[in-house]
>>> print(open('data-v6.csv').read())   # CSV, C-alpha atoms and all ligand atoms
chain,number,residue,atom,x,y,z
Q,1,MET,CA,2.3,-8.4,-45.6
Q,2,ILE,CA,3.4,-9.6,-42.2
Q,3,SER,CA,1.8,-7.0,-40.0
Q,4,PHE,CA,3.7,-5.9,-36.8
Q,5,LEU,CA,0.7,-6.7,-34.6
Q,6,ASP,CA,-2.5,-8.2,-36.0
Q,7,LEU,CA,-5.0,-7.2,-33.2
Q,8,LYS,CA,-8.0,-8.4,-35.3
Q,9,LYS,CA,-6.4,-11.9,-35.5
Q,10,ILE,CA,-5.6,-11.8,-31.7
Q,11,ASN,CA,-9.2,-11.1,-30.7
Q,12,GLU,CA,-11.0,-13.2,-33.4
Q,13,PRO,CA,-11.0,-16.5,-31.4
Q,14,TYR,CA,-12.8,-14.7,-28.6
Q,15,GLU,CA,-15.7,-13.4,-30.7
Q,16,ALA,CA,-18.4,-15.8,-29.6
Q,17,ALA,CA,-17.3,-15.5,-25.9
Q,18,PHE,CA,-17.2,-11.7,-26.2
Q,19,GLN,CA,-20.8,-11.7,-27.7
Q,20,GLU,CA,-22.0,-13.8,-24.8
Q,21,LYS,CA,-20.4,-11.5,-22.2
Q,22,LEU,CA,-21.9,-8.5,-24.0
Q,23,LYS,CA,-25.3,-10.1,-23.6
Q,24,THR,CA,-24.7,-10.9,-19.9
Q,25,VAL,CA,-23.8,-7.2,-19.3
Q,26,LEU,CA,-26.8,-6.0,-21.3
Q,27,ASP,CA,-29.1,-8.3,-19.4
Q,28,ASN,CA,-27.7,-7.2,-16.1
Q,29,GLY,CA,-28.1,-3.5,-17.0
Q,30,TRP,CA,-25.1,-2.6,-14.8
Q,31,TYR,CA,-22.0,-1.0,-16.5
Q,32,ILE,CA,-19.7,0.4,-13.9
Q,33,LEU,CA,-18.3,-1.1,-10.7
Q,34,GLY,CA,-20.3,-4.3,-10.8
Q,35,ASN,CA,-19.8,-8.0,-10.6
Q,36,GLU,CA,-17.7,-8.3,-13.8
Q,37,LEU,CA,-15.1,-5.9,-12.5
Q,38,ALA,CA,-15.1,-7.6,-9.0
Q,39,THR,CA,-14.6,-11.0,-10.7
Q,40,PHE,CA,-11.8,-9.7,-12.9
Q,41,GLU,CA,-10.0,-8.0,-10.0
Q,42,LYS,CA,-10.1,-11.2,-8.0
Q,43,ALA,CA,-8.8,-13.3,-11.0
Q,44,PHE,CA,-6.0,-10.8,-11.8
Q,45,ALA,CA,-4.9,-10.6,-8.2
Q,46,LYS,CA,-4.8,-14.3,-8.1
Q,47,TYR,CA,-2.9,-14.5,-11.3
Q,48,CYS,CA,-0.4,-11.9,-10.1
Q,49,LYS,CA,-0.2,-13.7,-6.7
Q,50,THR,CA,-1.1,-10.4,-4.9
Q,51,ASP,CA,-3.7,-9.7,-2.2
Q,52,TYR,CA,-5.4,-6.8,-4.1
Q,53,CYS,CA,-6.1,-5.7,-7.6
Q,54,ILE,CA,-7.8,-2.4,-8.3
Q,55,GLY,CA,-9.2,-1.9,-11.8
Q,56,VAL,CA,-8.7,1.6,-13.3
Q,57,GLY,CA,-9.2,3.5,-16.5
Q,58,ASN,CA,-5.8,2.9,-18.1
Q,59,GLY,CA,-2.1,2.3,-17.4
Q,60,PHE,CA,-1.2,6.0,-17.0
Q,61,ASP,CA,-3.9,6.4,-14.3
Q,62,ALA,CA,-2.7,3.3,-12.6
Q,63,LEU,CA,0.7,4.9,-12.1
Q,64,VAL,CA,-0.7,8.3,-11.1
Q,65,LEU,CA,-3.1,6.8,-8.6
Q,66,ILE,CA,-0.3,4.8,-6.9
Q,67,PHE,CA,1.6,8.0,-6.4
Q,68,LYS,CA,-1.5,9.9,-5.2
Q,69,GLY,CA,-2.3,7.0,-2.9
Q,70,TYR,CA,1.1,7.2,-1.3
Q,71,ILE,CA,0.7,11.0,-1.0
Q,72,GLN,CA,-2.7,10.5,0.7
Q,73,LEU,CA,-1.1,8.0,3.1
Q,74,GLY,CA,1.7,10.5,3.9
Q,75,LYS,CA,4.4,8.3,2.5
Q,76,LEU,CA,5.1,10.7,-0.3
Q,77,GLN,CA,4.9,14.5,-0.5
Q,78,LYS,CA,4.5,16.9,-3.4
Q,79,GLY,CA,8.0,17.8,-4.6
Q,80,ASP,CA,9.6,14.4,-3.6
Q,81,GLU,CA,12.0,12.9,-6.1
Q,82,VAL,CA,11.3,9.6,-7.9
Q,83,ILE,CA,14.0,7.6,-9.6
Q,84,VAL,CA,12.9,6.5,-13.1
Q,85,PRO,CA,14.7,5.1,-16.2
Q,86,ALA,CA,15.5,7.7,-18.9
Q,87,ASN,CA,14.7,4.9,-21.4
Q,88,THR,CA,11.0,4.3,-21.1
Q,89,TYR,CA,7.7,5.1,-22.7
Q,90,ILE,CA,7.0,8.8,-21.7
Q,91,ALA,CA,3.9,7.8,-19.7
Q,92,SER,CA,6.1,6.6,-16.8
Q,93,ILE,CA,7.7,10.1,-16.5
Q,94,LEU,CA,4.4,12.0,-17.1
Q,95,ALA,CA,2.7,10.0,-14.3
Q,96,ILE,CA,5.4,11.2,-11.8
Q,97,LEU,CA,4.8,14.8,-13.0
Q,98,GLN,CA,1.1,14.4,-12.9
Q,99,ALA,CA,1.3,13.5,-9.2
Q,100,ASP,CA,3.4,16.7,-8.5
Q,101,LEU,CA,6.6,14.7,-7.9
Q,102,ILE,CA,10.0,15.2,-9.5
Q,103,PRO,CA,11.3,12.5,-12.0
Q,104,VAL,CA,15.1,11.9,-11.7
Q,105,LEU,CA,16.2,10.1,-14.9
Q,106,ILE,CA,18.7,7.3,-14.9
Q,107,GLU,CA,20.5,5.7,-17.9
Q,108,PRO,CA,19.7,2.1,-18.9
Q,109,ARG,CA,22.0,-0.7,-19.7
Q,110,LEU,CA,22.5,-0.9,-23.5
Q,111,GLU,CA,22.2,-4.7,-23.4
Q,112,THR,CA,18.8,-5.0,-21.7
Q,113,TYR,CA,17.4,-1.5,-22.3
Q,114,ASN,CA,16.3,-1.5,-18.6
Q,115,ILE,CA,17.5,0.9,-15.9
Q,116,ASN,CA,21.1,0.4,-14.8
Q,117,PRO,CA,20.9,-0.1,-11.0
Q,118,ASP,CA,24.6,0.8,-10.6
Q,119,LEU,CA,23.8,4.4,-11.5
Q,120,ILE,CA,20.9,4.9,-9.0
Q,121,GLN,CA,22.8,5.4,-5.7
Q,122,GLU,CA,24.7,8.5,-6.9
Q,123,LYS,CA,21.4,10.2,-7.8
Q,124,ILE,CA,19.8,9.7,-4.5
Q,125,THR,CA,19.3,12.9,-2.4
Q,126,ILE,CA,17.4,13.6,0.8
Q,127,LYS,CA,14.3,14.3,-1.3
Q,128,THR,CA,14.4,10.9,-3.1
Q,129,LYS,CA,11.5,8.9,-1.8
Q,130,ALA,CA,10.7,6.3,-4.5
Q,131,ILE,CA,12.0,4.2,-7.4
Q,132,LEU,CA,9.7,3.7,-10.4
Q,133,ALA,CA,11.0,0.5,-12.0
Q,134,VAL,CA,9.9,-0.1,-15.6
Q,135,HIS,CA,9.9,-3.6,-17.0
Q,136,LEU,CA,10.5,-2.4,-20.5
Q,137,TYR,CA,9.6,-4.4,-23.6
Q,138,GLY,CA,8.5,-7.2,-21.2
Q,139,GLN,CA,11.7,-7.9,-19.4
Q,140,LEU,CA,11.9,-7.4,-15.7
Q,141,ALA,CA,14.3,-4.8,-14.4
Q,142,GLU,CA,17.0,-6.0,-12.1
Q,143,MET,CA,14.7,-6.1,-9.1
Q,144,ASP,CA,17.1,-7.7,-6.6
Q,145,LYS,CA,19.5,-4.8,-6.9
Q,146,ILE,CA,16.7,-2.2,-7.0
Q,147,LYS,CA,15.2,-3.7,-3.9
Q,148,GLU,CA,18.5,-3.6,-2.0
Q,149,ILE,CA,19.0,0.1,-2.9
Q,150,ALA,CA,15.4,0.9,-1.9
Q,151,SER,CA,15.7,-0.8,1.5
Q,152,GLN,CA,19.1,0.8,2.2
Q,153,ASN,CA,17.7,4.3,1.4
Q,154,ASN,CA,14.2,3.7,2.7
Q,155,LEU,CA,12.5,4.2,-0.7
Q,156,LEU,CA,9.2,3.0,-2.0
Q,157,ILE,CA,9.2,0.8,-5.0
Q,158,VAL,CA,6.6,1.3,-7.7
Q,159,GLU,CA,6.6,-0.9,-10.8
Q,160,ASP,CA,5.4,0.0,-14.3
Q,161,ALA,CA,4.4,-3.4,-15.7
Q,162,ALA,CA,2.4,-2.0,-18.6
Q,163,GLN,CA,4.5,-4.1,-21.0
Q,164,SER,CA,5.1,-7.2,-18.7
Q,165,HIS,CA,1.9,-9.0,-17.7
Q,166,GLY,CA,2.9,-12.3,-16.4
Q,167,ALA,CA,6.6,-11.6,-16.0
Q,168,ILE,CA,6.4,-11.0,-12.2
Q,169,SER,CA,4.1,-13.9,-11.4
Q,170,THR,CA,6.5,-16.4,-13.0
Q,171,LEU,CA,9.2,-15.5,-10.5
Q,172,LYS,CA,9.9,-17.7,-7.5
Q,173,PRO,CA,7.8,-16.8,-4.5
Q,174,ASN,CA,9.3,-14.5,-1.9
Q,175,THR,CA,11.8,-13.1,-4.3
Q,176,TYR,CA,9.7,-10.0,-4.6
Q,177,THR,CA,9.0,-6.8,-2.6
Q,178,LEU,CA,5.9,-7.7,-0.8
Q,179,LYS,CA,4.6,-4.1,-0.5
Q,180,SER,CA,5.5,-2.7,-3.9
Q,181,ALA,CA,2.6,-1.4,-6.0
Q,182,VAL,CA,2.5,-2.5,-9.6
Q,183,ALA,CA,0.7,-0.7,-12.5
Q,184,TYR,CA,-0.7,-2.5,-15.5
Q,185,SER,CA,-2.1,-1.2,-18.8
Q,186,PHE,CA,-4.7,-3.2,-20.8
Q,187,TYR,CA,-4.3,-0.9,-23.9
Q,188,PRO,CA,-5.3,-3.2,-26.9
Q,189,GLY,CA,-1.7,-3.8,-28.0
Q,190,LYS,CA,-0.4,-5.0,-24.7
Q,191,ASN,CA,0.2,-8.6,-23.8
Q,192,LEU,CA,-3.2,-8.6,-22.1
Q,193,GLY,CA,-5.2,-6.1,-24.1
Q,194,ALA,CA,-8.8,-4.9,-23.8
Q,195,LEU,CA,-11.1,-3.7,-26.7
Q,196,GLY,CA,-10.4,-0.2,-25.5
Q,197,ASP,CA,-8.6,1.5,-22.6
Q,198,GLY,CA,-8.1,-0.3,-19.3
Q,199,GLY,CA,-5.6,-0.6,-16.4
Q,200,ALA,CA,-5.1,-2.1,-13.0
Q,201,ILE,CA,-3.0,-1.8,-9.9
Q,202,THR,CA,-1.8,-4.8,-7.9
Q,203,THR,CA,-0.4,-4.6,-4.3
Q,204,ASN,CA,-0.1,-6.5,-1.1
Q,205,ASP,CA,-0.5,-3.3,1.0
Q,206,PRO,CA,-4.0,-3.2,2.5
Q,207,GLU,CA,-3.8,0.5,3.4
Q,208,LEU,CA,-2.8,1.5,-0.1
Q,209,ALA,CA,-5.4,-0.8,-1.6
Q,210,LYS,CA,-8.2,0.8,0.5
Q,211,VAL,CA,-7.2,4.3,-0.6
Q,212,LEU,CA,-6.9,3.3,-4.2
Q,213,PHE,CA,-10.4,1.7,-4.3
Q,214,SER,CA,-11.6,5.1,-3.2
Q,215,LEU,CA,-9.4,7.4,-5.2
Q,216,ARG,CA,-10.3,5.8,-8.5
Q,217,ASN,CA,-14.0,6.6,-7.8
Q,218,TYR,CA,-13.9,10.3,-6.8
Q,219,GLY,CA,-12.4,9.5,-3.4
Q,220,SER,CA,-15.6,7.9,-2.4
Q,221,GLU,CA,-16.3,4.5,-0.8
Q,222,LYS,CA,-19.9,5.2,0.1
Q,223,LYS,CA,-21.9,6.8,-2.7
Q,224,TYR,CA,-22.0,10.6,-2.4
Q,225,TYR,CA,-19.6,10.7,0.6
Q,226,ASN,CA,-16.1,11.8,-0.4
Q,227,ASP,CA,-13.1,11.1,1.7
Q,228,TYR,CA,-10.3,12.2,-0.7
Q,229,ILE,CA,-9.8,14.4,-3.7
Q,230,GLY,CA,-10.2,11.5,-6.1
Q,231,VAL,CA,-10.6,11.1,-9.8
Q,232,ASN,CA,-12.8,9.2,-12.1
Q,233,SER,CA,-10.8,6.3,-13.4
Q,234,ARG,CA,-12.7,3.0,-13.4
Q,235,LEU,CA,-12.3,-0.2,-15.4
Q,236,ASP,CA,-15.7,-0.7,-16.9
Q,237,GLU,CA,-17.8,-3.9,-16.7
Q,238,LEU,CA,-17.5,-4.8,-20.4
Q,239,GLN,CA,-13.7,-4.4,-20.6
Q,240,ALA,CA,-13.3,-6.3,-17.3
Q,241,ALA,CA,-15.5,-9.1,-18.7
Q,242,PHE,CA,-13.5,-9.3,-21.9
Q,243,LEU,CA,-10.2,-9.2,-20.1
Q,244,ASN,CA,-11.3,-12.0,-17.8
Q,245,LEU,CA,-11.8,-14.2,-20.9
Q,246,LYS,CA,-8.4,-13.4,-22.3
Q,247,LEU,CA,-6.6,-13.8,-19.0
Q,248,ALA,CA,-7.2,-17.5,-19.2
Q,249,ASN,CA,-4.8,-17.6,-22.2
Q,250,LEU,CA,-2.2,-15.1,-21.0
Q,251,ASN,CA,0.5,-17.7,-20.0
Q,252,ILE,CA,-0.1,-19.6,-23.3
Q,253,ASP,CA,0.2,-16.4,-25.3
Q,254,ASN,CA,3.4,-15.4,-23.4
Q,255,ASP,CA,4.9,-18.8,-24.1
Q,256,LYS,CA,4.2,-18.3,-27.8
Q,257,ARG,CA,6.0,-15.0,-27.7
Q,258,ARG,CA,9.0,-16.7,-25.9
Q,259,VAL,CA,9.1,-19.4,-28.6
Q,260,ILE,CA,9.4,-16.8,-31.3
Q,261,ALA,CA,12.0,-14.8,-29.3
Q,262,LYS,CA,14.1,-18.0,-28.9
Q,263,ARG,CA,14.0,-18.6,-32.6
Q,264,TYR,CA,14.9,-15.0,-33.4
Q,265,LEU,CA,17.8,-15.1,-30.9
Q,266,ALA,CA,19.1,-18.4,-32.2
Q,267,GLU,CA,18.6,-18.0,-35.9
Q,268,ILE,CA,19.1,-14.3,-36.8
Q,269,LYS,CA,22.7,-14.1,-37.8
Q,270,ASN,CA,23.8,-10.8,-39.2
Q,271,ASP,CA,26.6,-8.6,-37.9
Q,272,LYS,CA,24.6,-5.5,-38.8
Q,273,ILE,CA,21.8,-6.5,-36.3
Q,274,VAL,CA,22.4,-6.4,-32.5
Q,275,LEU,CA,20.0,-8.8,-30.7
Q,276,PRO,CA,18.5,-8.1,-27.3
Q,277,VAL,CA,19.9,-9.9,-24.2
Q,278,TRP,CA,17.6,-12.3,-22.4
Q,279,ASP,CA,19.4,-13.1,-19.2
Q,280,PHE,CA,17.0,-15.3,-17.3
Q,281,SER,CA,14.7,-17.8,-18.9
Q,282,THR,CA,11.6,-16.8,-17.0
Q,283,ASN,CA,11.5,-13.1,-16.6
Q,284,HIS,CA,10.8,-11.9,-20.1
Q,285,VAL,CA,7.4,-11.9,-21.7
Q,286,PHE,CA,8.5,-10.3,-25.0
Q,287,HIS,CA,5.9,-7.6,-25.3
Q,288,LEU,CA,8.4,-6.4,-28.0
Q,289,PHE,CA,11.4,-7.9,-29.7
Q,290,VAL,CA,13.7,-5.0,-30.1
Q,291,VAL,CA,16.9,-5.1,-32.1
Q,292,ARG,CA,19.5,-2.4,-32.7
Q,293,THR,CA,21.2,-1.4,-36.0
Q,294,SER,CA,23.3,1.6,-37.0
Q,295,ASN,CA,21.3,2.4,-40.1
Q,296,ARG,CA,17.7,1.9,-39.0
Q,297,VAL,CA,16.1,3.8,-41.8
Q,298,ASP,CA,17.7,1.5,-44.3
Q,299,LEU,CA,16.8,-1.7,-42.4
Q,300,GLN,CA,13.2,-0.6,-41.9
Q,301,GLU,CA,12.9,0.3,-45.6
Q,302,TYR,CA,14.4,-3.1,-46.6
Q,303,LEU,CA,12.0,-5.0,-44.4
Q,304,SER,CA,9.1,-3.0,-45.6
Q,305,GLN,CA,10.0,-3.8,-49.2
Q,306,ASN,CA,10.0,-7.5,-48.2
Q,307,ASN,CA,6.5,-7.0,-46.8
Q,308,ILE,CA,7.6,-7.1,-43.1
Q,309,GLN,CA,6.1,-4.3,-41.0
Q,310,THR,CA,8.2,-3.0,-38.1
Q,311,VAL,CA,7.7,-0.2,-35.5
Q,312,ILE,CA,10.2,2.0,-33.6
Q,313,HIS,CA,9.8,2.0,-29.8
Q,314,TYR,CA,10.5,4.8,-29.4
Q,315,PRO,CA,11.9,7.4,-32.0
Q,316,VAL,CA,12.4,10.3,-29.5
Q,317,ALA,CA,13.8,9.9,-25.9
Q,318,PRO,CA,11.4,11.4,-23.3
Q,319,HIS,CA,14.1,14.0,-22.2
Q,320,LYS,CA,14.2,15.2,-25.8
Q,321,GLN,CA,10.5,15.7,-26.2
Q,322,LYS,CA,9.0,19.2,-26.7
Q,323,ALA,CA,6.7,18.4,-23.8
Q,324,LEU,CA,9.6,18.1,-21.4
Q,325,LEU,CA,11.5,21.3,-22.3
Q,326,ASP,CA,13.2,21.5,-18.8
Q,327,PHE,CA,14.8,18.1,-19.5
Q,328,ASN,CA,16.0,18.9,-23.1
Q,329,ASN,CA,19.5,19.9,-22.0
Q,330,LEU,CA,20.1,16.7,-20.1
Q,331,PHE,CA,22.6,14.3,-21.6
Q,332,PHE,CA,21.9,10.6,-21.6
Q,333,PRO,CA,24.1,9.1,-24.4
Q,334,VAL,CA,23.0,5.4,-23.8
Q,335,THR,CA,19.3,6.4,-23.9
Q,336,GLU,CA,19.8,8.5,-27.0
Q,337,LYS,CA,21.8,5.7,-28.8
Q,338,ILE,CA,18.9,3.3,-28.1
Q,339,HIS,CA,16.3,5.8,-29.4
Q,340,ASN,CA,18.4,6.2,-32.6
Q,341,GLU,CA,19.0,2.5,-33.3
Q,342,VAL,CA,16.1,0.4,-32.1
Q,343,LEU,CA,13.6,-1.4,-34.3
Q,344,SER,CA,10.9,-3.8,-33.1
Q,345,LEU,CA,10.3,-6.9,-35.1
Q,346,PRO,CA,6.9,-8.6,-35.4
Q,347,ILE,CA,6.2,-10.7,-32.4
Q,348,SER,CA,2.8,-11.9,-31.1
Q,349,PRO,CA,0.9,-15.0,-30.2
Q,350,VAL,CA,-0.7,-15.1,-33.7
Q,351,LEU,CA,2.5,-14.9,-35.7
Q,352,THR,CA,2.9,-18.2,-37.6
Q,353,GLU,CA,6.0,-20.4,-37.7
Q,354,SER,CA,6.4,-19.8,-41.4
Q,355,GLU,CA,6.1,-16.0,-40.9
Q,356,VAL,CA,8.8,-16.2,-38.3
Q,357,SER,CA,11.0,-18.2,-40.6
Q,358,PHE,CA,10.4,-15.6,-43.4
Q,359,VAL,CA,11.4,-12.7,-41.1
Q,360,ILE,CA,14.6,-14.6,-40.1
Q,361,GLU,CA,15.4,-15.4,-43.7
Q,362,VAL,CA,15.0,-11.8,-44.9
Q,363,LEU,CA,17.0,-10.5,-42.0
Q,364,ASN,CA,19.9,-12.9,-42.7
Q,365,LYS,CA,20.0,-11.8,-46.3
Q,366,TYR,CA,20.3,-8.1,-45.3
Q,401,LIG,C1,1.4,1.6,-22.4
Q,401,LIG,C2,2.3,2.1,-21.3
Q,401,LIG,C3,1.8,2.9,-20.3
Q,401,LIG,C4,0.5,3.6,-20.3
Q,401,LIG,O1,-0.6,2.7,-20.5
Q,401,LIG,P1,-2.0,3.3,-21.1
Q,401,LIG,O2,-3.0,2.3,-20.8
Q,401,LIG,O3,-1.8,3.6,-22.5
Q,401,LIG,O4,-2.3,4.6,-20.3
Q,401,LIG,C5,2.7,3.2,-19.3
Q,401,LIG,N1,4.0,2.8,-19.3
Q,401,LIG,C6,4.5,2.0,-20.2
Q,401,LIG,C7,5.9,1.5,-20.1
Q,401,LIG,C8,3.6,1.6,-21.3
Q,401,LIG,O5,4.1,0.8,-22.3
>>> encode(input="data-v6.csv", output="structure tokens")
Amino acid sequence: MISFLDLKKINEPYEAAFQEKLKTVLDNGWYILGNELATFEKAFAKYCKTDYCIGVGNGFDALVLIFKGYIQLGKLQKGDEVIVPANTYIASILAILQADLIPVLIEPRLETYNINPDLIQEKITIKTKAILAVHLYGQLAEMDKIKEIASQNNLLIVEDAAQSHGAISTLKPNTYTLKSAVAYSFYPGKNLGALGDGGAITTNDPELAKVLFSLRNYGSEKKYYNDYIGVNSRLDELQAAFLNLKLANLNIDNDKRRVIAKRYLAEIKNDKIVLPVWDFSTNHVFHLFVVRTSNRVDLQEYLSQNNIQTVIHYPVAPHKQKALLDFNNLFFPVTEKIHNEVLSLPISPVLTESEVSFVIEVLNKY
């Protein structure tokens, strides 16, 4: 069986180094907000070419805390509208709601699955204060256009990079919004994954960073003195230490993903399968390789019979979820089409060349 994502195999090479780190943390006897976290925050900020990194409990909290941080700074207010792609993992939308803000959903482009910037302007009202750009499946959203719309309308930019570690930092310098805030998840299956939950925020905004360091820790900078109504969302020492070991190989791992993606794009030749569009050579880290097909049940069954495991990201659009009843009557045909047709093929740094060849061969015979 070719598994969709073999996490055991991904983490195996680190076993000895993990054991050593476990011993270090045990010897130190310090488990929260210590040297390991500070070291990782410094390393990840450097990797992302940002001034600050704030380690938090998970990717969802990273998003929520960015919004809460801006509320604390007076840059957002409860009830403000936030532009967000309709086609995303629901966490992006739930984070906006969790911060008492209002998500305004925008259709994606069918070709890239990412938000269609041409549809943003018409949804902007006097209450619109931010755009949450999601770099879905590892591919950067069209940030030049998003940046332009944001600056014309005086909007904040927040980025959900939970699926795109390394995609931003490979861009040319100065092509990016200096003051945006970016949320990362280190959920085990992400391109940089912990052995449990984890997340981080990166930013170049010193005021926001200062508030975030406090908000994640009960709104407290000095122990038992609370400046804000904060939360408990800290990246713990062990996870930070493990992540630091894996960070060293992130670019190599992303390159391996791109090599597989290139092969899939060049060698899968089947009219029944629509391949994803990769428009720039550097901005995609292929967290997922997502194809479309009109009879997904059939294709998934066929692949499964050939011992190839696939996953659907995602079967139900956020606006069609029971949890978002108020959104259920909205109509997003492109988003719905994507949710009906997508299937994710195996892609990961540990997938072998012959496994990739086998997937291609089986798909071409379908
Ligand atoms: C994984 C993910 C999140 C949430 O991250 P967690 O660490 O699971 O909380 C948010 N947004 C997107 C797009 C994701 O894929």
>>> closest_residue(input="data-v6.csv", among="Q:Pro315, Q:Pro103, Q:Pro349, Q:Pro85", to="ligand LIG 401 (chain Q)", atoms="only C-alpha atoms and all ligand atoms")
Q:Pro85
>>> residues_near_point(input="data-v6.csv", point="(5.9, -2.1, -14.5)", cutoff="10 Å", atoms="all atoms listed in the file", output="list in words")
Gly59, Leu63, Ser92, Leu132, Ala133, Val134, His135, Leu136, Gly138, Gln139, Leu140, Ala141, Val158, Glu159, Asp160, Ala161, Ala162, Gln163, Ser164, His165, Ala167, Ile168, Ala181, Val182, Ala183, Tyr184 and Ser185 of chain Q
>>> write_last_selection(input="data-v6.csv", atoms="C-alpha atoms", output="tab-separated table (two decimals), in the coordinates of the input")
chain	number	residue	atom	x	y	z
Q	59	GLY	CA	-2.10	2.30	-17.40
Q	63	LEU	CA	0.70	4.90	-12.10
Q	92	SER	CA	6.10	6.60	-16.80
Q	132	LEU	CA	9.70	3.70	-10.40
Q	133	ALA	CA	11.00	0.50	-12.00
Q	134	VAL	CA	9.90	-0.10	-15.60
Q	135	HIS	CA	9.90	-3.60	-17.00
Q	136	LEU	CA	10.50	-2.40	-20.50
Q	138	GLY	CA	8.50	-7.20	-21.20
Q	139	GLN	CA	11.70	-7.90	-19.40
Q	140	LEU	CA	11.90	-7.40	-15.70
Q	141	ALA	CA	14.30	-4.80	-14.40
Q	158	VAL	CA	6.60	1.30	-7.70
Q	159	GLU	CA	6.60	-0.90	-10.80
Q	160	ASP	CA	5.40	0.00	-14.30
Q	161	ALA	CA	4.40	-3.40	-15.70
Q	162	ALA	CA	2.40	-2.00	-18.60
Q	163	GLN	CA	4.50	-4.10	-21.00
Q	164	SER	CA	5.10	-7.20	-18.70
Q	165	HIS	CA	1.90	-9.00	-17.70
Q	167	ALA	CA	6.60	-11.60	-16.00
Q	168	ILE	CA	6.40	-11.00	-12.20
Q	181	ALA	CA	2.60	-1.40	-6.00
Q	182	VAL	CA	2.50	-2.50	-9.60
Q	183	ALA	CA	0.70	-0.70	-12.50
Q	184	TYR	CA	-0.70	-2.50	-15.50
Q	185	SER	CA	-2.10	-1.20	-18.80
>>> closest_residue(input="data-v6.csv", among="Q:His319, Q:Ser3, Q:Ala248, Q:Gly55", to="Ser344 of chain Q", atoms="only C-alpha atoms")
Q:Ser3
>>> atom_distance(input="data-v6.csv", atom1="atom CA of Asn217 of chain Q", atom2="atom CA of Ala17 of chain Q")
28.8 Å
>>> atom_distance(input="data-v6.csv", atom1="atom CA of Thr310 of chain Q", atom2="atom CA of Val334 of chain Q")
22.2 Å
>>> closest_residue(input="data-v6.csv", among="Q:His284, Q:Asn295, Q:Asn204, Q:Val64", to="Asp255 of chain Q", atoms="all atoms listed in the file")
Q:His284
>>> residues_around(input="data-v6.csv", residues="Val342 of chain Q", least_positions_apart="4", cutoff="7 Å", atoms="all atoms listed in the file", output="PyMOL selection string")
chain Q and resi 290-293+312-313+338
>>> residues_around(input="data-v6.csv", residues="Gln121 of chain Q", least_positions_apart="4", cutoff="10 Å", atoms="only C-alpha atoms", output="ChimeraX atom specification")
/Q:83,117,125,146,149-150,152-153
>>> atom_distance(input="data-v6.csv", atom1="atom CA of Glu81 of chain Q", atom2="atom CA of Leu330 of chain Q")
16.6 Å
>>> closest_residue(input="data-v6.csv", among="Q:Val311, Q:Val350, Q:Leu119, Q:Leu37", to="Ala200 of chain Q", atoms="all atoms listed in the file")
Q:Leu37
>>> closest_residue(input="data-v6.csv", among="Q:Asn232, Q:Ile347, Q:Gly199, Q:Ile273", to="ligand LIG 401 (chain Q)", atoms="only C-alpha atoms and all ligand atoms")
Q:Gly199
>>> closest_residue(input="data-v6.csv", among="Q:Ala241, Q:Asp326, Q:Lys75, Q:Lys246", to="Glu12 of chain Q", atoms="only C-alpha atoms")
Q:Lys246
